[in-house]
file upload_0.txt (compact mmCIF, C-alpha atoms)
# COMPACT_ATOMS: atom_id res chain seq x y z
CA ALA A 280 94.36 107.28 88.72
CA GLU A 281 93.52 110.37 90.78
CA ALA A 282 90.20 110.72 88.95
CA LEU A 283 89.47 107.05 89.66
CA ALA A 284 90.32 107.50 93.34
CA ALA A 285 87.98 110.50 93.54
CA ARG A 286 85.20 108.17 92.41
CA GLY A 287 86.15 105.46 94.89
CA LEU A 288 87.56 103.15 92.22
CA PRO A 289 90.82 101.18 92.45
CA ALA A 290 93.88 102.35 90.55
CA ALA A 291 93.84 99.08 88.60
CA CYS A 292 90.92 100.49 86.62
CA VAL A 293 93.49 102.45 84.59
CA PHE A 294 93.75 99.28 82.50
CA LEU A 295 90.36 100.11 81.03
CA TYR A 296 92.01 102.98 79.16
CA ASP A 297 94.20 103.12 76.06
CA GLU A 298 96.84 105.24 77.81
CA ALA A 299 97.75 102.43 80.21
CA TRP A 300 98.16 99.97 77.36
CA ALA A 301 100.26 102.48 75.44
CA LEU A 302 102.72 102.43 78.35
CA VAL A 303 102.66 98.62 78.31
CA ASP A 304 103.43 98.65 74.59
CA ALA A 305 106.27 101.12 75.11
CA HIS A 306 108.02 99.07 77.81
CA LEU A 307 107.18 95.52 76.70
CA PRO A 308 110.09 95.08 74.22
CA ALA A 309 112.66 95.78 76.95
CA LEU A 310 110.91 93.33 79.30
CA LEU A 311 110.80 90.58 76.68
CA ALA A 312 114.52 91.10 76.06
CA ILE A 313 115.40 89.72 79.52
CA LEU A 314 113.23 86.60 79.10
CA PRO A 315 113.83 83.39 77.12
CA ALA A 316 112.58 83.04 73.57
CA GLY A 317 108.83 82.55 73.28
CA ALA A 318 107.90 84.96 76.08
CA ARG A 319 104.91 87.24 75.63
CA LEU A 320 102.69 89.63 77.55
CA ASN A 321 100.63 87.55 79.97
CA TYR A 322 98.13 90.21 81.13
CA ASP A 323 99.11 89.88 84.79
CA CYS A 324 98.72 93.58 85.48
CA TYR A 325 97.88 95.90 88.35
CA ALA A 326 98.16 99.55 89.38
CA PHE A 327 99.00 101.13 92.71
CA ARG A 328 98.19 104.37 94.47
CA VAL A 329 100.08 104.93 97.73
CA GLU A 330 98.90 107.91 99.75
CA PRO A 331 101.18 109.87 102.11
CA GLY A 332 101.31 108.13 105.46
CA SER A 333 100.87 104.67 103.96
CA ARG A 334 103.20 102.27 102.19
CA GLY A 335 103.42 99.97 99.21
CA TRP A 336 102.94 96.23 99.25
CA ALA A 337 104.99 94.14 101.67
CA ALA A 338 108.03 92.14 100.57
CA HIS A 339 107.12 89.29 98.25
CA ARG A 340 108.03 87.36 95.12
CA ASP A 341 105.73 87.53 92.11
CA ARG A 342 106.37 83.86 91.31
CA ASP A 343 108.02 81.96 94.14
CA GLY A 344 110.32 79.32 92.68
CA CYS A 345 110.21 80.86 89.21
CA PRO A 346 112.14 78.58 86.82
CA THR A 347 115.05 79.91 84.79
CA ALA A 348 116.58 79.04 81.44
CA GLY A 349 120.11 77.73 81.06
CA ASP A 350 121.52 81.26 80.89
CA GLY A 351 119.69 82.25 84.07
CA ALA A 352 116.91 84.20 82.35
CA PRO A 353 113.64 83.92 84.32
CA HIS A 354 110.55 82.48 82.66
CA TYR A 355 108.47 85.25 84.27
CA ALA A 356 109.29 88.93 84.81
CA THR A 357 107.50 92.08 85.92
CA CYS A 358 107.84 95.64 84.64
CA TRP A 359 106.88 98.39 87.10
CA VAL A 360 106.27 101.84 85.59
CA ALA A 361 106.16 105.02 87.67
CA LEU A 362 103.22 107.28 86.88
CA THR A 363 104.50 109.90 89.33
CA ASP A 364 108.03 110.78 90.37
CA CYS A 365 109.07 108.66 93.35
CA ASP A 366 112.09 108.30 95.60
CA ALA A 367 112.99 106.77 98.96
CA ALA A 368 110.65 109.17 100.77
CA THR A 369 107.70 108.60 98.43
CA ALA A 370 107.36 104.83 98.28
CA CYS A 371 109.66 103.89 95.41
CA MET A 372 110.41 100.20 94.92
CA ARG A 373 113.06 98.23 96.79
CA VAL A 374 114.53 95.24 94.95
CA ALA A 375 116.82 92.62 96.48
CA PRO A 376 119.45 90.47 94.74
CA LEU A 377 118.50 86.80 94.52
CA ALA A 378 121.44 85.77 96.71
CA ALA A 379 120.03 87.71 99.68
CA THR A 380 116.88 85.59 99.91
CA ARG A 381 117.74 82.35 98.11
CA GLY A 382 117.47 80.23 101.25
CA LEU A 383 113.98 81.44 102.12
CA ILE A 384 111.36 79.19 100.54
CA ARG A 385 108.16 80.56 102.06
CA ASP A 386 106.78 83.95 101.12
CA ASP A 387 106.84 85.37 104.65
CA PRO A 388 106.92 89.16 104.12
CA ARG A 389 108.68 89.95 107.39
CA ALA A 390 111.33 87.26 106.90
CA LEU A 391 111.90 88.31 103.31
CA ALA A 392 112.21 91.99 104.20
CA ASP A 393 114.59 91.27 107.10
CA ALA A 394 116.81 89.08 104.92
CA ALA A 395 116.82 91.54 102.03
CA ALA A 396 117.04 94.85 103.90
CA ASP A 397 120.84 95.22 103.89
CA ASP A 398 121.27 94.28 100.24
CA ALA A 399 118.14 95.74 98.64
CA THR A 400 118.51 98.53 96.12
CA THR A 401 116.25 101.57 96.33
CA MET A 402 114.86 102.33 92.88
CA PRO A 403 113.85 106.00 92.52
CA ARG A 404 112.14 106.69 89.21
CA ARG A 405 110.86 109.69 87.29
CA ARG A 406 107.40 109.63 85.82
CA GLY A 407 107.34 107.23 82.87
CA GLU A 408 110.52 105.39 83.88
CA ALA A 409 110.46 101.70 84.72
CA VAL A 410 112.20 98.93 86.63
CA ALA A 411 111.96 95.18 85.94
CA TRP A 412 112.68 92.03 87.93
CA GLY A 413 112.35 88.27 87.60
CA GLY A 414 109.59 86.22 89.20
CA ASP A 415 111.77 84.97 92.08
CA THR A 416 113.12 88.42 93.00
CA VAL A 417 112.04 89.80 96.37
CA HIS A 418 110.74 93.36 96.15
CA TRP A 419 108.48 95.73 98.03
CA GLY A 420 107.07 99.24 98.00
CA GLY A 421 108.51 101.61 100.54
CA ALA A 422 106.74 103.99 102.89
CA HIS A 423 105.34 107.29 101.62
CA ASP A 424 106.65 109.59 104.33
CA ALA A 425 106.31 112.88 102.46
CA ILE A 426 103.17 114.22 104.10
CA GLY A 427 101.58 116.87 101.91
CA GLU A 428 103.01 115.44 98.70
CA PRO A 429 100.82 113.72 96.06
CA ALA A 430 100.12 110.01 96.15
CA ARG A 431 102.67 107.72 94.50
CA ILE A 432 101.06 106.05 91.49
CA ALA A 433 102.43 103.24 89.35
CA LEU A 434 101.32 100.39 87.15
CA ALA A 435 102.88 96.99 86.59
CA PHE A 436 102.54 94.28 83.99
CA ALA A 437 104.27 90.97 83.38
CA ALA A 438 105.44 88.67 80.62
CA SER A 439 106.27 84.97 80.70
CA THR A 440 107.00 81.93 78.58
CA PRO A 441 104.51 79.09 77.99
CA ARG A 442 106.26 77.19 80.79
CA MET A 443 104.27 79.35 83.24
CA THR A 444 101.00 77.52 82.60
CA ASP A 445 98.83 79.51 85.03
CA ASP A 446 99.72 82.70 83.19
CA LEU A 447 99.05 81.02 79.85
CA ASP A 448 95.48 80.41 81.01
CA ARG A 449 95.04 84.16 81.52
CA VAL A 450 96.39 84.92 78.05
CA ARG A 451 93.90 82.49 76.51
CA ALA A 452 91.03 83.89 78.56
CA PHE A 453 91.77 87.48 77.53
CA GLY A 454 91.99 86.45 73.89
CA ALA A 455 88.63 84.68 74.09
CA TRP A 456 86.96 87.62 75.81
CA ARG A 457 88.31 90.03 73.20
CA ARG A 458 87.21 87.80 70.32
CA ASP A 459 83.74 87.11 71.67
CA GLU A 460 82.84 90.34 73.48
CA GLY A 461 85.12 93.12 72.25
CA LEU A 462 88.13 94.96 73.63
CA PHE A 463 86.43 96.99 76.36
CA GLU A 464 84.60 93.97 77.80
CA ALA A 465 87.88 92.02 77.75
CA ARG A 466 89.67 94.80 79.64
CA LEU A 467 86.82 95.07 82.14
CA LYS A 468 86.84 91.33 82.83
CA LEU A 469 90.62 91.40 83.18
CA VAL A 470 90.47 94.24 85.73
CA CYS A 471 87.84 92.35 87.73
CA LEU A 472 89.93 89.18 87.63
CA GLN A 473 93.03 91.02 88.84
CA LEU A 474 91.20 92.84 91.63
CA HIS A 475 89.95 89.51 92.96
CA PHE A 476 93.34 87.83 92.53
CA TYR A 477 95.24 90.50 94.47
CA ALA A 478 92.58 91.21 97.10
CA ASP A 479 94.75 89.60 99.81
CA ALA A 480 97.52 92.11 99.12
CA GLU A 481 95.18 95.06 98.62
CA PRO A 482 91.77 94.52 100.26
CA LEU A 483 88.84 95.91 98.35
CA HIS A 484 86.44 98.52 99.68
CA ASP A 485 82.92 97.20 100.26
CA ARG A 486 81.61 99.45 97.49
CA VAL A 487 84.06 97.93 95.02
CA VAL A 488 83.13 94.42 96.11
CA GLY A 489 79.50 95.32 95.47
CA LEU A 490 80.33 96.62 91.99
CA LEU A 491 82.24 93.44 91.17
CA ASP A 492 79.33 91.33 92.37
CA GLU A 493 76.95 93.32 90.14
CA LEU A 494 79.23 92.83 87.14
CA GLU A 495 79.50 89.11 87.75
CA GLY A 496 75.71 88.93 87.94
CA TYR A 497 75.48 90.79 84.63
CA TRP A 498 77.88 88.39 82.94
call {"tool": "encode", "arguments": {"input": "upload_0.txt", "output": "structure tokens"}}
result
Amino acid sequence: AEALAARGLPAACVFLYDEAWALVDAHLPALLAILPAGARLNYDCYAFRVEPGSRGWAAHRDRDGCPTAGDGAPHYATCWVALTDCDAATACMRVAPLAATRGLIRDDPRALADAAADDATTMPRRRGEAVAWGGDTVHWGGAHDAIGEPARIALAFAASTPRMTDDLDRVRAFGAWRRDEGLFEARLKLVCLQLHFYADAEPLHDRVVGLLDELEGYW
């Protein structure tokens, strides 16, 4: 991710490389274990690089109103994997119990953070360690206050059951791209899709927008 940043590329481009998918493969069984039967990797993935003096994404839910099975298992869940050591001073994740934000329907970051602040758990992680949460769980990246320390880097991926139809569309698209155009082209298209999808949370540099436009013209 540091090499990508040096070239002005988003951290999400790590998903072009085998190493990122090896981490996904390593953590996916544990993620699937907290989901109902029939869940699978849904290719909703992203990566994050938080420099000192900045902060992670604001409080949000990955799937507002995420349905649950009879035993309470969510039909969608995210796994967040630390690629650098992180703690409360270096933008580790904060995760709130569902009860703290259950009455808040809208994804208003300030309201969610205020409601969750007293009950949220700080999740320090060593490099390679992970944390997972359900689609309706409020979470956010903290501030990186350790000036002079390296950037905090992490990747995330998700799994879901067929009940989450929007995510099923992505699974089918990736499968078609891989079948028709090969693995690298499928990964490249997925990265482009995810950069566009999450541009509201992480605005893209003009240079990156230009590269995406060139790729879309090529395809």
call {"tool": "closest_residue", "arguments": {"input": "upload_0.txt", "among": "A:Ala478, A:Cys471, A:Ala284, A:Met402", "to": "Asp492 of chain A", "atoms": "only C-alpha atoms"}}
result
A:Cys471
call {"tool": "residues_around", "arguments": {"input": "upload_0.txt", "residues": "Arg342 of chain A", "least_positions_apart": "6", "cutoff": "8 Å", "atoms": "all atoms listed in the file", "output": "PyMOL selection string"}}
result
chain A and resi 355+414-415
call {"tool": "closest_residue", "arguments": {"input": "upload_0.txt", "among": "A:Arg405, A:Arg334, A:Arg449, A:Arg431", "to": "Ala290 of chain A", "atoms": "all atoms listed in the file"}}
result
A:Arg431
call {"tool": "residues_around", "arguments": {"input": "upload_0.txt", "residues": "Arg328 of chain A", "least_positions_apart": "6", "cutoff": "9 Å", "atoms": "only C-alpha atoms", "output": "PyMOL selection string"}}
result
chain A and resi 280-281+284+289-290+335+430-434
call {"tool": "residues_around", "arguments": {"input": "upload_0.txt", "residues": "Asp424 of chain A", "least_positions_apart": "5", "cutoff": "10 Å", "atoms": "only C-alpha atoms", "output": "MDAnalysis selection string"}}
result
chainID A and resid 330:334 367:370
call {"tool": "write_last_selection", "arguments": {"input": "upload_0.txt", "atoms": "C-alpha atoms", "output": "mmCIF file, keeping the file's coordinate frame"}}
result
data_model
loop_
_atom_site.group_PDB
_atom_site.id
_atom_site.type_symbol
_atom_site.label_atom_id
_atom_site.label_comp_id
_atom_site.auth_asym_id
_atom_site.auth_seq_id
_atom_site.Cartn_x
_atom_site.Cartn_y
_atom_site.Cartn_z
ATOM 1 C CA GLU A 330 98.900 107.910 99.750
ATOM 2 C CA PRO A 331 101.180 109.870 102.110
ATOM 3 C CA GLY A 332 101.310 108.130 105.460
ATOM 4 C CA SER A 333 100.870 104.670 103.960
ATOM 5 C CA ARG A 334 103.200 102.270 102.190
ATOM 6 C CA ALA A 367 112.990 106.770 98.960
ATOM 7 C CA ALA A 368 110.650 109.170 100.770
ATOM 8 C CA THR A 369 107.700 108.600 98.430
ATOM 9 C CA ALA A 370 107.360 104.830 98.280
#
call {"tool": "atom_distance", "arguments": {"input": "upload_0.txt", "atom1": "atom CA of Phe453 of chain A", "atom2": "atom CA of Leu469 of chain A"}}
result
7.0 Å
call {"tool": "residues_around", "arguments": {"input": "upload_0.txt", "residues": "Trp419 of chain A", "least_positions_apart": "6", "cutoff": "6 Å", "atoms": "all atoms listed in the file", "output": "PDB file with C-alpha atoms, in the frame of the given file"}}
result
ATOM      1  CA  TRP A 336     102.940  96.230  99.250  1.00  0.00           C
ATOM      2  CA  ALA A 337     104.990  94.140 101.670  1.00  0.00           C
ATOM      3  CA  ALA A 338     108.030  92.140 100.570  1.00  0.00           C
ATOM      4  CA  MET A 372     110.410 100.200  94.920  1.00  0.00           C
ATOM      5  CA  ARG A 373     113.060  98.230  96.790  1.00  0.00           C
TER       6      ARG A 373
END
call {"tool": "closest_atom_pairs", "arguments": {"input": "upload_0.txt", "of": "segment 422-480 of chain A", "to": "segment 301-307 of chain A", "cutoff": "12 Å", "atoms": "all atoms listed in the file", "output": "JSON lines"}}
result
{"residue": "A:Ala433", "atom": "CA", "partner": "A:Leu302", "partner_atom": "CA", "distance": 11.0}
{"residue": "A:Leu434", "atom": "CA", "partner": "A:Val303", "partner_atom": "CA", "distance": 9.1}
{"residue": "A:Ala435", "atom": "CA", "partner": "A:Val303", "partner_atom": "CA", "distance": 8.4}
{"residue": "A:Phe436", "atom": "CA", "partner": "A:Val303", "partner_atom": "CA", "distance": 7.1}
{"residue": "A:Ala437", "atom": "CA", "partner": "A:Leu307", "partner_atom": "CA", "distance": 8.6}
{"residue": "A:Ala438", "atom": "CA", "partner": "A:Leu307", "partner_atom": "CA", "distance": 8.1}
{"residue": "A:Ser439", "atom": "CA", "partner": "A:Leu307", "partner_atom": "CA", "distance": 11.3}
call {"tool": "atom_distance", "arguments": {"input": "upload_0.txt", "atom1": "atom CA of Asp341 of chain A", "atom2": "atom CA of Asp387 of chain A"}}
result
12.8 Å
call {"tool": "atom_distance", "arguments": {"input": "upload_0.txt", "atom1": "atom CA of Thr347 of chain A", "atom2": "atom CA of Ala395 of chain A"}}
result
20.9 Å
call {"tool": "residues_around", "arguments": {"input": "upload_0.txt", "residues": "segment 313-325 of chain A", "least_positions_apart": "2", "cutoff": "10 Å", "atoms": "only C-alpha atoms", "output": "MDAnalysis selection string"}}
result
chainID A and resid 289:294 303:304 307:311 327 347:359 411:413 433:443 445:453 466 469:470 472:474 476:477
call {"tool": "closest_residue", "arguments": {"input": "upload_0.txt", "among": "A:Leu494, A:Cys371, A:Val487, A:Ala299", "to": "Leu467 of chain A", "atoms": "only C-alpha atoms"}}
result
A:Leu494
call {"tool": "axis_aligned_box", "arguments": {"input": "upload_0.txt", "around": "segment 364-379 of chain A", "padding_each_side": "3 Å", "output": "lines of an AutoDock Vina configuration file"}}
result
center_x = 114.4
center_y = 98.3
center_z = 95.6
size_x = 20.1
size_y = 31.0
size_z = 16.4
call {"tool": "closest_residue", "arguments": {"input": "upload_0.txt", "among": "A:Thr401, A:Arg458, A:Leu283, A:Leu288", "to": "Leu483 of chain A", "atoms": "all atoms listed in the file"}}
result
A:Leu288
call {"tool": "closest_residue", "arguments": {"input": "upload_0.txt", "among": "A:Ala282, A:Leu491, A:Val360, A:Cys345", "to": "Gly407 of chain A", "atoms": "all atoms listed in the file"}}
result
A:Val360
call {"tool": "closest_residue", "arguments": {"input": "upload_0.txt", "among": "A:Ala422, A:Ala409, A:Ala378, A:Leu391", "to": "Asp364 of chain A", "atoms": "only C-alpha atoms"}}
result
A:Ala409
